[in-house]
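Please read the structure below before turning to the comments.
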Amino acid sequence: MKLFLTFVAILFTTIGFGQHKPEDNSGKLYISEKKYSILFPYNWHLQKSDSLQKKFMLLSEKSSVNDNFIENISLLISDLGYSRVKSKTVKKIIDKKFGVSSEIISNRKVVKNGLQGQEIVYRQLMSDGSLGTILQYYFIKGRDLFILSFCSKSDEYLSYMPIFQVVYENFDIR
């Protein structure tokens, strides 16, 4: 029964989110930079940026006055310092990142814009004491490591998944 209710909630959210017109500029904001472009919902706020060249963070609106967790989407681009990067390098970077405090839920290879990458979903205790679920994508192009992250409370992760999917689908590495 719980699985059925989860399925219905995902279906309802997907249908509701699907009502937005992708061409409607009032519903989406677009960032286009030299190395990437990304589309995101207009009600998410850009908080941190280095002129959008190498990193940014988008924050959701609070759903209520009792909401003490702000879901976020972030992009970090790191110069690895050399142009011939082997796929083993991504594995080493990922292995260093995850320690005892993280519970890896899934880890799989993905392809985006012809680039092979890694998708990892994990749970981690957040600074406010809540349990968060983080979805991260790792891609290397040239000397650059792209890390696109989505973070929400674990119990709200599935309700934010349609937003995360639209952002990921509209994220292009150039």
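Starting from 1 in every chain, residues are counted up; chains themselves are A, B, ... following the order of the structure tokens, and ligands are numbered from 1 as listed.
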> Any idea what's packed within 12 Å of range 29-36 of chain A, counting only C-alpha atoms, ignoring anything in its chain fewer than 5 positions away? Could you give it as a VMD selection string?
Replying inline: chain A and resid 22 to 24 41 to 46 49 51 to 56 58 75 to 79 112 to 113 139 to 148 167 to 168 170 to 174
> Residues at most 12 Å from Ser102 in chain A, counting only C-alpha atoms, excluding those fewer than 2 positions away in the same chain, as a list in words?
Replying inline: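 Counting only the stated atoms, we get Ile94, Asp95, Lys96, Lys97, Phe98, Gly99, Val100, Ile104, Ile105, Ser106, Ile120, Val121, Tyr122, Arg123, Gln124, Leu125, Met126, Leu131, Gly132, Thr133 and Ile134 of chain A.
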>> If I take CA of Tyr137 in chain A and CA of Ile73 in chain A, how far is one from the other in Å, to one decimal?
In response: 11.4 Å
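For the set A:Asp155, A:Ile38, A:Asn72, A:Leu59, the residue with the smallest atom-to-atom gap to Leu135 in chain A is A:Asn72, counting only C-alpha atoms.
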> Which of range 71-143 of chain A counts as strand (DSSP E or B) under DSSP, as a PyMOL selection string please?
Replying inline: chain A and resi 72-79+102-112+115-125+131-141
Give me a file of those residues, with N, CA and C atoms, as a compact mmCIF listing (two decimals), in the first residue's frame.
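In the end it all went to selection.txt:
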# COMPACT_ATOMS: atom_id res chain seq x y z
N ASN A 72 18.31 22.33 -2.37
CA ASN A 72 19.23 23.11 -3.20
C ASN A 72 19.75 22.32 -4.38
N ILE A 73 20.16 23.08 -5.37
CA ILE A 73 20.80 22.58 -6.58
C ILE A 73 22.10 23.35 -6.71
N SER A 74 23.20 22.65 -6.92
CA SER A 74 24.47 23.36 -7.05
C SER A 74 25.30 22.78 -8.18
N LEU A 75 26.16 23.62 -8.71
CA LEU A 75 27.11 23.20 -9.73
C LEU A 75 28.47 23.71 -9.31
N LEU A 76 29.45 22.83 -9.37
CA LEU A 76 30.84 23.18 -9.08
C LEU A 76 31.68 22.68 -10.23
N ILE A 77 32.51 23.54 -10.77
CA ILE A 77 33.44 23.15 -11.84
C ILE A 77 34.85 23.35 -11.30
N SER A 78 35.61 22.26 -11.25
CA SER A 78 36.98 22.31 -10.73
C SER A 78 37.97 22.00 -11.84
N ASP A 79 39.01 22.80 -11.93
CA ASP A 79 40.09 22.57 -12.88
C ASP A 79 41.01 21.51 -12.26
N SER A 102 28.29 8.57 5.15
CA SER A 102 27.36 8.54 4.02
C SER A 102 26.88 7.13 3.74
N GLU A 103 25.60 7.02 3.42
CA GLU A 103 25.01 5.74 3.02
C GLU A 103 24.71 5.82 1.52
N ILE A 104 25.49 5.12 0.71
CA ILE A 104 25.29 5.16 -0.73
C ILE A 104 24.08 4.31 -1.10
N ILE A 105 23.12 4.92 -1.80
CA ILE A 105 21.90 4.25 -2.22
C ILE A 105 22.07 3.67 -3.61
N SER A 106 22.65 4.45 -4.51
CA SER A 106 22.92 3.93 -5.86
C SER A 106 24.15 4.61 -6.43
N ASN A 107 24.80 3.91 -7.33
CA ASN A 107 26.02 4.39 -7.96
C ASN A 107 26.03 3.77 -9.35
N ARG A 108 25.86 4.62 -10.39
CA ARG A 108 25.82 4.06 -11.74
C ARG A 108 26.46 5.01 -12.74
N LYS A 109 26.87 4.44 -13.86
CA LYS A 109 27.45 5.24 -14.94
C LYS A 109 26.32 5.87 -15.75
N VAL A 110 26.56 7.09 -16.23
CA VAL A 110 25.60 7.81 -17.07
C VAL A 110 26.34 8.47 -18.22
N VAL A 111 25.58 8.89 -19.24
CA VAL A 111 26.15 9.62 -20.37
C VAL A 111 25.35 10.90 -20.54
N LYS A 112 26.05 12.03 -20.66
CA LYS A 112 25.43 13.35 -20.85
C LYS A 112 26.23 14.10 -21.88
N LEU A 115 29.41 12.62 -22.93
CA LEU A 115 30.42 12.43 -21.89
C LEU A 115 29.98 11.34 -20.92
N GLN A 116 30.88 10.41 -20.64
CA GLN A 116 30.58 9.40 -19.63
C GLN A 116 30.79 10.02 -18.26
N GLY A 117 29.90 9.68 -17.34
CA GLY A 117 29.98 10.22 -16.00
C GLY A 117 29.48 9.23 -14.98
N GLN A 118 29.29 9.72 -13.78
CA GLN A 118 28.84 8.89 -12.67
C GLN A 118 27.68 9.59 -11.98
N GLU A 119 26.65 8.82 -11.64
CA GLU A 119 25.51 9.31 -10.87
C GLU A 119 25.52 8.57 -9.54
N ILE A 120 25.49 9.34 -8.47
CA ILE A 120 25.50 8.74 -7.13
C ILE A 120 24.36 9.35 -6.32
N VAL A 121 23.60 8.50 -5.66
CA VAL A 121 22.57 8.94 -4.72
C VAL A 121 22.99 8.43 -3.36
N TYR A 122 23.01 9.33 -2.38
CA TYR A 122 23.40 8.92 -1.04
C TYR A 122 22.64 9.70 0.03
N ARG A 123 22.61 9.14 1.22
CA ARG A 123 22.00 9.80 2.38
C ARG A 123 23.12 10.24 3.31
N GLN A 124 22.83 11.37 3.96
CA GLN A 124 23.84 11.90 4.87
C GLN A 124 23.14 12.74 5.94
N LEU A 125 23.70 12.74 7.13
CA LEU A 125 23.18 13.58 8.21
C LEU A 125 23.56 15.02 7.90
N LEU A 131 18.01 14.12 8.08
CA LEU A 131 18.63 13.20 7.14
C LEU A 131 18.36 13.71 5.73
N GLY A 132 19.40 13.94 4.97
CA GLY A 132 19.27 14.45 3.61
C GLY A 132 19.62 13.39 2.59
N THR A 133 18.99 13.50 1.41
CA THR A 133 19.35 12.65 0.28
C THR A 133 19.95 13.54 -0.78
N ILE A 134 21.09 13.13 -1.30
CA ILE A 134 21.83 13.92 -2.28
C ILE A 134 22.01 13.10 -3.53
N LEU A 135 21.70 13.71 -4.66
CA LEU A 135 21.91 13.12 -5.97
C LEU A 135 23.01 13.94 -6.63
N GLN A 136 24.11 13.28 -7.02
CA GLN A 136 25.22 13.99 -7.63
C GLN A 136 25.62 13.34 -8.94
N TYR A 137 25.98 14.22 -9.89
CA TYR A 137 26.50 13.79 -11.19
C TYR A 137 27.92 14.31 -11.32
N TYR A 138 28.82 13.44 -11.74
CA TYR A 138 30.23 13.78 -11.96
C TYR A 138 30.55 13.58 -13.43
N PHE A 139 31.09 14.62 -14.09
CA PHE A 139 31.52 14.52 -15.47
C PHE A 139 32.86 15.23 -15.62
N ILE A 140 33.71 14.71 -16.51
CA ILE A 140 34.97 15.37 -16.82
C ILE A 140 34.96 15.72 -18.30
N LYS A 141 35.30 16.99 -18.58
CA LYS A 141 35.48 17.43 -19.96
C LYS A 141 36.74 18.27 -19.99
> To one decimal place, how far is CA of Cys151 in chain A from CA of Glu71 in chain A in Å?
Replying inline: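 Distance reported for this atom pair: 5.6 Å.
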